[in-house]
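Let me begin by presenting the structure, written as C-alpha coordinates, before commenting on it.
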Amino acid sequence: MRQPCEQIGEVPTKIDFTPKISEKYVSAREDCSVAEGIPVLGSKNAPDAAMLKAGETIAEMLRQIDGKLPGLRRSMVQHAQRFAVWPDAERRLDTCELCKTIDPFFDCHSHIDSRAGRDTSYHPEVPQCVEGGGGGGLSMPTSFTEEYGIPYLEADGTVRDSFCGTNVVAHEFFHSIHDVGIQDVARPLFLRIERAAARAVREGLYVHHPGARDDGCNDDFTRCVAYEFIVKAHMLWNGFPADPREFPYRSRSEMKAKAPWIAELVFEMFEDGTWNPSLGAVIETPRDQTFGLACRTAPGSALCGAPLSAEYVGPPMAEVLARCGGSCWTEGDRSHPPHVPSSLLLV
(Lines give C-alpha, C1' and ligand atoms only; values in the text may rest on other atoms or scores of the structure.)
Protein backbone atom coordinates (compact mmCIF):
# COMPACT_ATOMS: atom_id res chain seq x y z
CA MET A 1 0.00 0.00 0.00
CA ARG A 2 1.41 3.38 -0.98
CA GLN A 3 1.60 6.04 1.70
CA PRO A 4 -0.84 8.94 1.35
CA CYS A 5 0.04 12.59 1.75
CA GLU A 6 1.29 13.38 5.25
CA GLN A 7 1.08 17.17 5.10
CA ILE A 8 -1.64 19.30 6.65
CA GLY A 9 -2.04 22.66 4.96
CA GLU A 10 -4.39 25.57 4.45
CA VAL A 11 -7.31 24.94 2.13
CA PRO A 12 -6.59 26.21 -1.40
CA THR A 13 -8.89 29.00 -2.45
CA LYS A 14 -10.18 26.94 -5.36
CA ILE A 15 -11.98 24.60 -2.90
CA ASP A 16 -15.23 26.46 -2.33
CA PHE A 17 -16.58 25.36 1.02
CA THR A 18 -17.96 26.80 4.23
CA PRO A 19 -15.27 28.36 6.47
CA LYS A 20 -16.59 26.48 9.51
CA ILE A 21 -15.06 23.18 8.43
CA SER A 22 -12.52 24.16 5.81
CA GLU A 23 -9.76 25.78 7.80
CA LYS A 24 -7.23 23.09 6.84
CA TYR A 25 -7.03 20.07 4.61
CA VAL A 26 -5.03 17.01 3.61
CA SER A 27 -5.19 15.38 0.20
CA ALA A 28 -5.99 11.67 0.00
CA ARG A 29 -3.25 11.28 -2.58
CA GLU A 30 0.36 10.27 -2.07
CA ASP A 31 1.75 13.31 -3.93
CA CYS A 32 -0.52 15.71 -1.97
CA SER A 33 -2.09 17.00 -5.20
CA VAL A 34 -5.60 18.35 -4.79
CA ALA A 35 -6.11 18.07 -8.55
CA GLU A 36 -5.49 14.31 -8.45
CA GLY A 37 -6.77 13.53 -4.98
CA ILE A 38 -9.77 13.89 -2.72
CA PRO A 39 -9.44 16.78 -0.25
CA VAL A 40 -10.10 15.92 3.38
CA LEU A 41 -11.34 19.06 5.13
CA GLY A 42 -11.50 19.99 8.79
CA SER A 43 -11.86 22.90 11.16
CA LYS A 44 -8.89 24.16 13.15
CA ASN A 45 -10.02 21.86 15.99
CA ALA A 46 -9.99 18.68 13.92
CA PRO A 47 -6.98 16.59 15.03
CA ASP A 48 -4.32 16.27 12.36
CA ALA A 49 -4.10 12.54 13.12
CA ALA A 50 -7.82 12.09 12.41
CA MET A 51 -7.59 13.91 9.09
CA LEU A 52 -4.51 11.95 8.07
CA LYS A 53 -6.20 8.65 8.92
CA ALA A 54 -9.25 9.65 6.89
CA GLY A 55 -6.97 10.52 3.97
CA GLU A 56 -5.11 7.22 4.31
CA THR A 57 -8.37 5.26 4.28
CA ILE A 58 -9.74 7.06 1.22
CA ALA A 59 -6.44 6.75 -0.65
CA GLU A 60 -6.34 2.98 -0.19
CA MET A 61 -9.99 2.53 -1.15
CA LEU A 62 -9.41 4.49 -4.34
CA ARG A 63 -6.20 2.61 -5.11
CA GLN A 64 -7.93 -0.75 -4.85
CA ILE A 65 -11.16 0.16 -6.63
CA ASP A 66 -9.45 2.14 -9.39
CA GLY A 67 -7.29 -0.92 -10.01
CA LYS A 68 -10.46 -2.94 -10.57
CA LEU A 69 -12.50 -0.20 -12.27
CA PRO A 70 -10.04 2.03 -14.16
CA GLY A 71 -11.06 5.67 -14.28
CA LEU A 72 -12.97 5.65 -10.99
CA ARG A 73 -10.50 7.90 -9.16
CA ARG A 74 -10.58 10.42 -12.00
CA SER A 75 -14.38 10.38 -11.95
CA MET A 76 -14.45 11.09 -8.23
CA VAL A 77 -12.08 14.04 -8.63
CA GLN A 78 -13.96 15.40 -11.63
CA HIS A 79 -17.20 15.28 -9.64
CA ALA A 80 -15.59 17.32 -6.81
CA GLN A 81 -15.97 14.64 -4.15
CA ARG A 82 -14.42 15.41 -0.76
CA PHE A 83 -14.52 14.39 2.88
CA ALA A 84 -15.00 16.42 6.07
CA VAL A 85 -13.84 15.54 9.60
CA TRP A 86 -15.69 16.78 12.67
CA PRO A 87 -13.75 16.99 15.95
CA ASP A 88 -15.61 15.50 18.88
CA ALA A 89 -15.36 18.89 20.59
CA GLU A 90 -17.67 20.36 17.95
CA ARG A 91 -20.41 17.78 18.33
CA ARG A 92 -23.70 18.97 19.74
CA LEU A 93 -25.38 16.77 22.30
CA ASP A 94 -28.86 18.25 21.92
CA THR A 95 -29.40 17.17 18.33
CA CYS A 96 -31.95 14.49 19.19
CA GLU A 97 -34.01 16.76 21.41
CA LEU A 98 -33.82 19.61 18.89
CA CYS A 99 -34.77 17.49 15.90
CA LYS A 100 -37.69 15.88 17.68
CA THR A 101 -39.18 19.36 18.10
CA ILE A 102 -38.96 19.73 14.31
CA ASP A 103 -39.87 16.15 13.40
CA PRO A 104 -41.66 14.16 16.14
CA PHE A 105 -40.72 10.94 14.31
CA PHE A 106 -36.98 11.71 14.12
CA ASP A 107 -35.14 8.45 14.89
CA CYS A 108 -32.44 9.07 17.48
CA HIS A 109 -31.23 5.58 18.22
CA SER A 110 -31.54 2.75 15.75
CA HIS A 111 -28.64 3.21 13.36
CA ILE A 112 -25.36 5.03 13.00
CA ASP A 113 -26.64 8.01 11.04
CA SER A 114 -29.24 9.00 13.61
CA ARG A 115 -27.52 8.65 16.96
CA ALA A 116 -27.83 11.52 19.39
CA GLY A 117 -24.91 13.89 18.90
CA ARG A 118 -24.63 13.78 15.13
CA ASP A 119 -25.22 17.40 14.20
CA THR A 120 -25.92 17.75 10.50
CA SER A 121 -26.39 21.50 10.94
CA TYR A 122 -22.58 21.73 10.81
CA HIS A 123 -22.75 20.38 7.26
CA PRO A 124 -23.57 23.10 4.72
CA GLU A 125 -24.99 20.66 2.18
CA VAL A 126 -27.41 18.91 4.56
CA PRO A 127 -30.45 20.68 6.03
CA GLN A 128 -30.74 20.63 9.79
CA CYS A 129 -32.16 17.33 11.09
CA VAL A 130 -31.83 15.66 7.71
CA GLU A 131 -29.44 12.74 8.12
CA GLY A 132 -26.25 12.86 6.14
CA GLY A 133 -23.02 10.90 5.96
CA GLY A 134 -22.14 9.58 2.51
CA GLY A 135 -22.09 12.24 -0.18
CA GLY A 136 -22.84 11.88 -3.83
CA GLY A 137 -23.55 13.78 -7.00
CA LEU A 138 -23.34 17.55 -7.33
CA SER A 139 -25.91 18.47 -4.69
CA MET A 140 -24.03 16.79 -1.82
CA PRO A 141 -20.42 16.05 -2.83
CA THR A 142 -19.06 15.85 0.70
CA SER A 143 -18.99 12.75 2.91
CA PHE A 144 -18.24 13.20 6.59
CA THR A 145 -17.85 11.69 10.03
CA GLU A 146 -16.73 12.77 13.47
CA GLU A 147 -13.63 11.64 15.34
CA TYR A 148 -16.00 9.04 16.76
CA GLY A 149 -15.67 7.07 13.50
CA ILE A 150 -11.95 7.49 12.76
CA PRO A 151 -9.46 4.90 14.12
CA TYR A 152 -6.46 7.16 14.55
CA LEU A 153 -4.03 6.33 17.33
CA GLU A 154 -2.87 8.43 20.24
CA ALA A 155 0.82 9.28 20.68
CA ASP A 156 1.27 6.21 22.91
CA GLY A 157 -0.16 3.92 20.22
CA THR A 158 -3.53 3.33 21.86
CA VAL A 159 -6.97 4.10 20.47
CA ARG A 160 -9.08 6.59 22.41
CA ASP A 161 -12.16 5.52 24.37
CA SER A 162 -14.50 7.62 22.19
CA PHE A 163 -13.73 5.62 19.01
CA CYS A 164 -16.85 3.69 17.99
CA GLY A 165 -14.95 0.58 16.86
CA THR A 166 -15.45 0.76 13.09
CA ASN A 167 -13.87 2.95 10.41
CA VAL A 168 -16.84 5.12 9.45
CA VAL A 169 -14.72 6.87 6.78
CA ALA A 170 -14.63 3.58 4.86
CA HIS A 171 -18.41 3.28 5.22
CA GLU A 172 -19.43 6.81 4.28
CA PHE A 173 -16.93 7.45 1.50
CA PHE A 174 -17.91 4.18 -0.14
CA HIS A 175 -21.42 5.59 -0.52
CA SER A 176 -19.86 8.40 -2.58
CA ILE A 177 -17.81 5.93 -4.62
CA HIS A 178 -20.96 3.89 -5.29
CA ASP A 179 -23.21 6.81 -6.14
CA VAL A 180 -20.70 8.75 -8.24
CA GLY A 181 -17.73 6.68 -9.42
CA ILE A 182 -19.29 3.27 -9.96
CA GLN A 183 -22.41 4.73 -11.53
CA ASP A 184 -20.20 6.74 -13.89
CA VAL A 185 -17.51 4.26 -14.98
CA ALA A 186 -19.13 0.86 -14.29
CA ARG A 187 -22.83 1.19 -14.99
CA PRO A 188 -23.42 -2.56 -15.49
CA LEU A 189 -21.93 -3.21 -12.03
CA PHE A 190 -24.03 -0.41 -10.54
CA LEU A 191 -27.19 -2.03 -11.88
CA ARG A 192 -26.11 -5.48 -10.75
CA ILE A 193 -25.68 -4.19 -7.19
CA GLU A 194 -29.37 -3.24 -7.29
CA ARG A 195 -30.30 -6.77 -8.39
CA ALA A 196 -28.05 -8.21 -5.69
CA ALA A 197 -29.76 -6.12 -3.01
CA ALA A 198 -33.17 -7.36 -4.14
CA ARG A 199 -31.92 -10.94 -4.10
CA ALA A 200 -30.35 -10.56 -0.65
CA VAL A 201 -33.60 -9.19 0.78
CA ARG A 202 -35.62 -11.92 -0.94
CA GLU A 203 -33.35 -14.64 0.48
CA GLY A 204 -33.36 -13.13 3.99
CA LEU A 205 -29.68 -12.21 3.88
CA TYR A 206 -30.15 -8.47 4.32
CA VAL A 207 -32.56 -6.41 6.45
CA HIS A 208 -32.33 -2.67 6.03
CA HIS A 209 -31.66 -0.87 9.33
CA PRO A 210 -33.38 -3.41 11.58
CA GLY A 211 -35.33 -1.80 14.39
CA ALA A 212 -35.43 1.62 12.75
CA ARG A 213 -38.62 3.21 11.46
CA ASP A 214 -39.14 3.30 7.72
CA ASP A 215 -37.07 6.26 6.57
CA GLY A 216 -38.70 6.54 3.18
CA CYS A 217 -36.48 4.11 1.28
CA ASN A 218 -37.97 3.08 -2.02
CA ASP A 219 -38.89 -0.57 -2.42
CA ASP A 220 -37.44 -1.06 -5.90
CA PHE A 221 -33.86 -1.26 -4.62
CA THR A 222 -32.54 1.59 -6.74
CA ARG A 223 -31.12 3.66 -3.91
CA CYS A 224 -30.86 3.35 -0.14
CA VAL A 225 -31.52 -0.39 0.31
CA ALA A 226 -29.00 -1.19 -2.42
CA TYR A 227 -26.52 1.35 -1.02
CA GLU A 228 -26.69 0.02 2.55
CA PHE A 229 -26.60 -3.62 1.46
CA ILE A 230 -23.40 -3.25 -0.55
CA VAL A 231 -21.69 -1.04 2.04
CA LYS A 232 -22.31 -3.70 4.70
CA ALA A 233 -20.86 -6.34 2.37
CA HIS A 234 -17.78 -4.19 1.70
CA MET A 235 -17.25 -3.43 5.39
CA LEU A 236 -17.46 -7.14 6.27
CA TRP A 237 -15.02 -7.94 3.44
CA ASN A 238 -12.59 -5.41 4.91
CA GLY A 239 -12.83 -6.63 8.47
CA PHE A 240 -15.93 -5.22 10.20
CA PRO A 241 -18.85 -7.58 10.95
CA ALA A 242 -22.25 -5.87 10.90
CA ASP A 243 -25.23 -6.12 13.20
CA PRO A 244 -26.20 -9.79 12.64
CA ARG A 245 -29.83 -8.76 12.35
CA GLU A 246 -28.88 -6.72 9.27
CA PHE A 247 -26.20 -8.85 7.60
CA PRO A 248 -25.54 -12.24 9.18
CA TYR A 249 -21.97 -13.18 8.28
CA ARG A 250 -19.08 -12.81 10.73
CA SER A 251 -16.14 -12.94 8.32
CA ARG A 252 -15.15 -12.76 4.66
CA SER A 253 -14.52 -16.48 4.84
CA GLU A 254 -18.09 -17.17 5.96
CA MET A 255 -19.48 -14.94 3.21
CA LYS A 256 -17.39 -16.80 0.62
CA ALA A 257 -18.73 -20.13 1.90
CA LYS A 258 -22.40 -19.22 2.37
CA ALA A 259 -23.00 -16.39 -0.13
CA PRO A 260 -20.23 -16.64 -2.72
CA TRP A 261 -22.27 -14.56 -5.16
CA ILE A 262 -22.03 -11.60 -2.76
CA ALA A 263 -18.30 -12.22 -2.31
CA GLU A 264 -17.93 -12.21 -6.10
CA LEU A 265 -19.69 -8.83 -6.27
CA VAL A 266 -17.38 -7.24 -3.67
CA PHE A 267 -14.34 -8.81 -5.34
CA GLU A 268 -15.15 -6.81 -8.45
CA MET A 269 -14.27 -3.71 -6.41
CA PHE A 270 -11.77 -4.77 -3.72
CA GLU A 271 -8.66 -6.92 -3.57
CA ASP A 272 -8.86 -10.24 -1.72
CA GLY A 273 -6.07 -9.18 0.61
CA THR A 274 -5.43 -8.46 4.28
CA TRP A 275 -6.00 -4.69 4.40
CA ASN A 276 -7.28 -3.53 7.79
CA PRO A 277 -8.70 0.02 7.67
CA SER A 278 -8.27 0.22 11.46
CA LEU A 279 -4.68 -0.99 11.64
CA GLY A 280 -3.31 -0.64 15.16
CA ALA A 281 -6.71 -0.02 16.81
CA VAL A 282 -7.18 -3.07 19.05
CA ILE A 283 -10.74 -3.38 20.38
CA GLU A 284 -10.56 -5.32 23.63
CA THR A 285 -14.14 -4.71 24.76
CA PRO A 286 -17.26 -4.10 22.63
CA ARG A 287 -17.73 -0.55 21.34
CA ASP A 288 -20.75 1.38 20.09
CA GLN A 289 -20.47 0.09 16.51
CA THR A 290 -19.01 -3.41 17.02
CA PHE A 291 -22.38 -5.00 17.82
CA GLY A 292 -21.22 -6.85 20.92
CA LEU A 293 -17.95 -8.02 19.38
CA ALA A 294 -14.32 -7.42 20.30
CA CYS A 295 -11.05 -8.93 19.08
CA ARG A 296 -11.50 -12.00 21.30
CA THR A 297 -14.92 -12.79 19.81
CA ALA A 298 -14.05 -11.74 16.24
CA PRO A 299 -10.55 -13.18 15.87
CA GLY A 300 -8.57 -12.12 12.84
CA SER A 301 -11.00 -9.27 12.08
CA ALA A 302 -10.22 -5.56 11.87
CA LEU A 303 -11.07 -5.33 15.59
CA CYS A 304 -7.74 -6.97 16.38
CA GLY A 305 -5.73 -4.10 14.93
CA ALA A 306 -3.53 -6.34 12.74
CA PRO A 307 -3.74 -7.27 9.06
CA LEU A 308 -6.74 -9.53 8.52
CA SER A 309 -5.94 -13.16 9.26
CA ALA A 310 -6.06 -16.04 6.80
CA GLU A 311 -8.89 -17.53 8.85
CA TYR A 312 -10.93 -14.34 8.50
CA VAL A 313 -10.19 -13.92 4.78
CA GLY A 314 -10.78 -17.55 3.79
CA PRO A 315 -9.75 -19.29 0.57
CA PRO A 316 -8.61 -17.26 -2.44
CA MET A 317 -11.41 -16.03 -4.66
CA ALA A 318 -9.94 -18.04 -7.52
CA GLU A 319 -10.87 -21.20 -5.60
CA VAL A 320 -14.31 -19.85 -4.69
CA LEU A 321 -15.11 -18.98 -8.29
CA ALA A 322 -13.70 -22.28 -9.57
CA ARG A 323 -16.10 -24.17 -7.29
CA CYS A 324 -18.94 -22.19 -8.90
CA GLY A 325 -17.76 -23.00 -12.39
CA GLY A 326 -16.29 -19.54 -12.97
CA SER A 327 -19.12 -17.39 -11.58
CA CYS A 328 -21.29 -17.80 -8.49
CA TRP A 329 -24.36 -16.06 -9.91
CA THR A 330 -27.22 -18.54 -10.30
CA GLU A 331 -31.00 -18.68 -10.75
CA GLY A 332 -30.99 -16.48 -13.83
CA ASP A 333 -28.41 -14.04 -12.50
CA ARG A 334 -25.77 -15.35 -14.92
CA SER A 335 -27.44 -13.07 -17.43
CA HIS A 336 -25.66 -10.28 -15.59
CA PRO A 337 -21.97 -11.04 -16.16
CA PRO A 338 -19.05 -9.57 -14.21
CA HIS A 339 -18.11 -5.97 -14.94
CA VAL A 340 -17.01 -5.24 -18.50
CA PRO A 341 -15.18 -1.93 -19.07
CA SER A 342 -17.50 0.56 -20.73
CA SER A 343 -15.01 0.95 -23.58
CA LEU A 344 -15.71 -2.66 -24.58
CA LEU A 345 -19.49 -2.42 -24.54
CA LEU A 346 -21.46 -2.04 -27.75
CA VAL A 347 -24.01 0.78 -27.63
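Residues are referred to by chain and number: the chain letter is A, B, ... according to the order shown in the C-alpha coordinates, the number counts from 1 in that chain, and ligands are numbered separately from 1 in the order shown.
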
Margin query: Report as a ChimeraX atom specification all protein, DNA and RNA residues lying within 10 Å of region 199-204 of chain A, evaluated on only C-alpha atoms, omitting residues in the same chain fewer than 5 positions from it.
Written below: /A:193-194,221,225-226,229,246-248,259,262,333

Margin query: Quick one: residues within 12 Å of His175 (chain A), only C-alpha atoms, excluding same-chain residues fewer than 2 positions away - as a PyMOL selection string?
Written below: chain A and resi 58+61+76+81+83+132-137+140-144+168-173+177-183+190+223-232+234-235

Notebook entry, point to check: Hey, what's within 12 Å of region 319-331 of chain A if we count only C-alpha atoms and toss same-chain stuff fewer than 6 positions away? As number ranges by chain, please?
Noted result: A: 192, 195-196, 199, 252-265, 267-268, 272, 313, 337-339

Residue contacts of Arg63 (chain A) (8 Å, only C-alpha atoms) excluding same-chain residues fewer than 4 positions away, as a tab-separated table (two decimals) with all heavy atoms, in the first residue's frame:
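Final file, selection26.tsv:
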chain	number	residue	atom	x	y	z
A	59	ALA	N	-7.46	7.04	0.36
A	59	ALA	CA	-6.44	6.75	-0.65
A	59	ALA	C	-6.36	5.27	-0.97
A	59	ALA	O	-6.24	4.87	-2.13
A	59	ALA	CB	-5.08	7.27	-0.16
A	67	GLY	N	-7.98	0.19	-9.38
A	67	GLY	CA	-7.29	-0.92	-10.01
A	67	GLY	C	-8.25	-1.92	-10.63
A	67	GLY	O	-7.93	-2.58	-11.63
A	73	ARG	N	-11.09	6.79	-9.91
A	73	ARG	CA	-10.50	7.90	-9.16
A	73	ARG	C	-10.69	9.22	-9.92
A	73	ARG	O	-11.09	10.23	-9.33
A	73	ARG	CB	-9.00	7.67	-8.92
A	73	ARG	CG	-8.33	8.81	-8.16
A	73	ARG	CD	-6.84	8.86	-8.42
A	73	ARG	NE	-6.12	7.76	-7.83
A	73	ARG	CZ	-5.61	7.76	-6.60
A	73	ARG	NH1	-5.75	8.83	-5.85
A	73	ARG	NH2	-4.95	6.72	-6.15

Checklist line | Every residue of region 151-311 of chain A that DSSP places in alpha helix (DSSP H), as a ChimeraX atom specification | finding: /A:168-176,183-185,187-202,224-237,252-258,260-267,310-311
